[in-house]
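Only one structure is covered here, and it is reproduced in the block below.
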There are 2 protein chains.
Amino acid sequence: MAAMAEKAQYEELARQLSAIGVVKRDMGRTLPSDCPAGSAGVLTLLGRHGDMRMSRLAELLAVDISVTSRHVAHVAERGWIERLPDPADKRSRILSLTPAGRAQLDELYERTTQLLTDRLSDWTGEEVRLLIQLMTRLRESFGDCRASPRAPQAASVAADITRTPA
Amino acid sequence: MAAMAEKAQYEELARQLSAIGVVKRDMGRTLPSDCPAGSAGVLTLLGRHGDMRMSRLAELLAVDISVTSRHVAHVAERGWIERLPDPADKRSRILSLTPAGRAQLDELYERTTQLLTDRLSDWTGEEVRLLIQLMTRLRESFGDCRASPRAPQAASVAADITRTPA
DNA sequence: TATTGTTATACTCTATAACTATA
DNA sequence: TATAGTTATAGAGTATAACAATA
């Protein structure tokens, strides 16, 4: 009984996931031409979490380290980050934002805010918060448990909904 | 004041959007090797909405018609759809699922359900429903208003939350 | 002239595998 | 031997532009 309804829900969720690309592409169009989404991800995570090694960044990006390496190279070529030697392990490199990288990051923040302020003008803060919470939990459910260092577990959303009835 | 909080929320939402790829890739890995995500999208929408023209399908997929053309060609080569002449406009083609296409679609449903049943085992139906609703609204807010033919407008989610306090 | 759809081209993102340097 | 990172290669998805056929 409930299984049938769940199956239909799952189909609908799969459809929504496959269609979310239209949102990502719209976001991508607002990026500077020399800073594609991959580069923006590197800058954002370094800005948020501070200096880190390649392998840690790959975890946060949730992509293979070879992909991370390419994004990092692109960002480093533009002088937005430095790759410092790791005194504890000569195989490793410590990634660190440069002042130019921080400036680029500010530019990205500016563009993101402008776009979302426009697109989500009729959303409440509560709705945005809830969507963020559910997307975070979705990623955790798919095994990406690395991106929420401060929030060990995005607890049951249902409980949160009842606790915060707008 | 509130603007600062909103800006931080927007940054977080942008991060979640850029990181959702890990979920899509996991879904993609469950697909048959000769039926990539683009093909699955074509089959799914034809199954859901019935026969349609290329241009309509491109709208539903929310991609350029040139992209749609390639996905459709891939699916047609495998015998999953037919491209029938449109009696009303000889430039146009009517796309129609074949029995083999329906069988392939059933296979896709099966795999999707299995994956999501596993990954979302600790989600409530209400949480899934809410995520679907918010993602639908997000796409609408980004100008993709074409994919919800039966639900003219996904109304305020905040109102819905209070109306349905679990 | 305008529109429907196809094809050619180019770009981004991704994973796998082979490789180098270090642990 | 095992691990950190780089590079080469291949595959999927997308958009733009040029084109053919029809409206």
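Residue numbering restarts at 1 for every chain of the structure tokens, chains are lettered A, B, ... in their displayed order, and ligands are numbered from 1 as they appear.
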Once you count only C-alpha atoms (C1' of nucleotides), what closest atom pair and distance in Å to one decimal does each residue of chain C within 10 Å of chain A have, with rows by chain and rising residue number, as a tab-separated table?
residue	atom	partner	partner_atom	distance
C:DT12	C1'	A:Pro36	CA	7.9
C:DC13	C1'	A:Gly38	CA	7.8
C:DT14	C1'	A:Val67	CA	7.1
C:DA15	C1'	A:Asp64	CA	7.3
C:DT16	C1'	A:Ser66	CA	9.9
C:DA21	C1'	A:Arg91	CA	6.6
C:DT22	C1'	A:Arg91	CA	5.3
C:DA23	C1'	A:Asp89	CA	7.9
Which residues of chain D are close to chain A, meaning at most 12 Å apart when you count only C-alpha atoms (C1' of nucleotides), and how do they look as a list of chain:residue names? D:DT3, D:DA4, D:DG5, D:DT6, D:DT7, D:DA8, D:DG13, D:DT14, D:DA15
Keeping N, CA and C atoms (P, O5', C5', C4', C3', O3' and C1' of nucleotides), export the residues of the selection given above as a short mmCIF file (atom, residue, chain, number, x, y, z; two decimals), in the first residue's frame.
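Output contents, as saved in again.cif:
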data_model
loop_
_atom_site.label_atom_id
_atom_site.label_comp_id
_atom_site.auth_asym_id
_atom_site.auth_seq_id
_atom_site.Cartn_x
_atom_site.Cartn_y
_atom_site.Cartn_z
P DT D 3 47.36 2.47 1.43
"O5'" DT D 3 47.75 3.99 1.22
"C5'" DT D 3 48.58 4.61 2.18
"C4'" DT D 3 49.06 5.95 1.65
"C3'" DT D 3 47.96 6.79 0.99
"O3'" DT D 3 48.05 8.10 1.53
"C1'" DT D 3 49.83 6.63 -0.41
P DA D 4 47.02 9.23 1.09
"O5'" DA D 4 47.90 10.23 0.23
"C5'" DA D 4 48.92 11.00 0.86
"C4'" DA D 4 49.38 12.10 -0.06
"C3'" DA D 4 48.24 12.88 -0.73
"O3'" DA D 4 48.57 14.27 -0.77
"C1'" DA D 4 49.57 11.77 -2.38
P DG D 5 47.49 15.30 -1.35
"O5'" DG D 5 47.86 15.35 -2.90
"C5'" DG D 5 49.13 15.87 -3.28
"C4'" DG D 5 49.43 15.53 -4.71
"C3'" DG D 5 48.51 16.15 -5.75
"O3'" DG D 5 49.25 17.17 -6.42
"C1'" DG D 5 49.15 13.91 -6.28
P DT D 6 48.61 18.00 -7.63
"O5'" DT D 6 49.11 17.19 -8.93
"C5'" DT D 6 50.50 17.04 -9.16
"C4'" DT D 6 50.73 16.35 -10.50
"C3'" DT D 6 49.98 16.97 -11.68
"O3'" DT D 6 50.93 17.27 -12.70
"C1'" DT D 6 49.62 14.62 -11.60
P DT D 7 50.50 18.07 -14.00
"O5'" DT D 7 50.17 16.90 -15.04
"C5'" DT D 7 51.17 15.94 -15.34
"C4'" DT D 7 50.60 14.87 -16.26
"C3'" DT D 7 49.77 15.39 -17.43
"O3'" DT D 7 50.21 14.73 -18.61
"C1'" DT D 7 48.59 13.71 -16.28
P DA D 8 49.76 15.25 -20.05
"O5'" DA D 8 49.15 13.92 -20.67
"C5'" DA D 8 49.68 12.65 -20.31
"C4'" DA D 8 48.79 11.55 -20.86
"C3'" DA D 8 47.97 11.91 -22.09
"O3'" DA D 8 47.92 10.79 -22.96
"C1'" DA D 8 46.52 11.30 -20.32
P DG D 13 24.39 11.75 -20.81
"O5'" DG D 13 24.66 13.31 -20.69
"C5'" DG D 13 24.82 13.89 -19.40
"C4'" DG D 13 24.98 15.38 -19.56
"C3'" DG D 13 23.93 16.01 -20.46
"O3'" DG D 13 23.16 16.96 -19.72
"C1'" DG D 13 26.13 16.69 -21.07
P DT D 14 21.99 17.72 -20.39
"O5'" DT D 14 22.64 19.02 -21.03
"C5'" DT D 14 23.24 20.01 -20.19
"C4'" DT D 14 24.02 21.00 -21.02
"C3'" DT D 14 23.23 21.67 -22.13
"O3'" DT D 14 22.60 22.85 -21.66
"C1'" DT D 14 25.52 21.17 -22.75
P DA D 15 21.78 23.79 -22.67
"O5'" DA D 15 22.89 24.62 -23.45
"C5'" DA D 15 23.83 25.41 -22.73
"C4'" DA D 15 24.67 26.22 -23.72
"C3'" DA D 15 23.84 27.00 -24.75
"O3'" DA D 15 24.35 28.32 -24.88
"C1'" DA D 15 25.32 25.48 -25.86
#
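In this comparison, which uses only C-alpha atoms, the residue of A:Asp122, A:Asp86, A:Asp51, A:Asp34 approaching chain B most closely is A:Asp122.
Of note, CA of Glu77 (chain A) and CA of Gln114 (chain A) are spaced 27.4 Å apart.
Comparing the minimum interatomic distances between chain B and each of A:Ile132, A:Ala40, A:Ala58, A:Leu31, counting only C-alpha atoms, we find that A:Ile132 sits nearest.
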Write down as a PyMOL selection string the residues belonging to region 46-162 of chain A that are assigned strand (DSSP E or B) by DSSP computed on the backbone. chain A and resi 52-53+81-85+93-97
For the structure I just gave you, how does DSSP split region 55-158 of chain B - specifically, which residues are helix (DSSP H, G or I)? Reply as a ChimeraX atom specification. /B:55-61,65-77,99-119,125-141,157-158
So that I can check the surroundings of region 136-145 of chain B, please list as an MDAnalysis selection string every protein, DNA and RNA residue that reaches within 12 Å of it, counting only C-alpha atoms (C1' of nucleotides) and ignoring chain neighbours fewer than 5 positions away. (chainID A and resid 12:27 115:123 127:128 131:132) or (chainID B and resid 13 17 58:63 129:131 150:158)
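By chain and then residue number, the residues within 12 Å of DA20 (chain D) are Arg91 of chain B; DT4, DG5, DT6 and DT7 of chain C; DA18 and DT22 of chain D, counting only C-alpha atoms (C1' of nucleotides) and disregarding those fewer than 2 positions away in sequence.
The shortest atom-to-atom distance to chain B, with only C-alpha atoms taken into account, belongs to A:Gly41 out of A:Gly79, A:Pro85, A:Gly41, A:Gly101.
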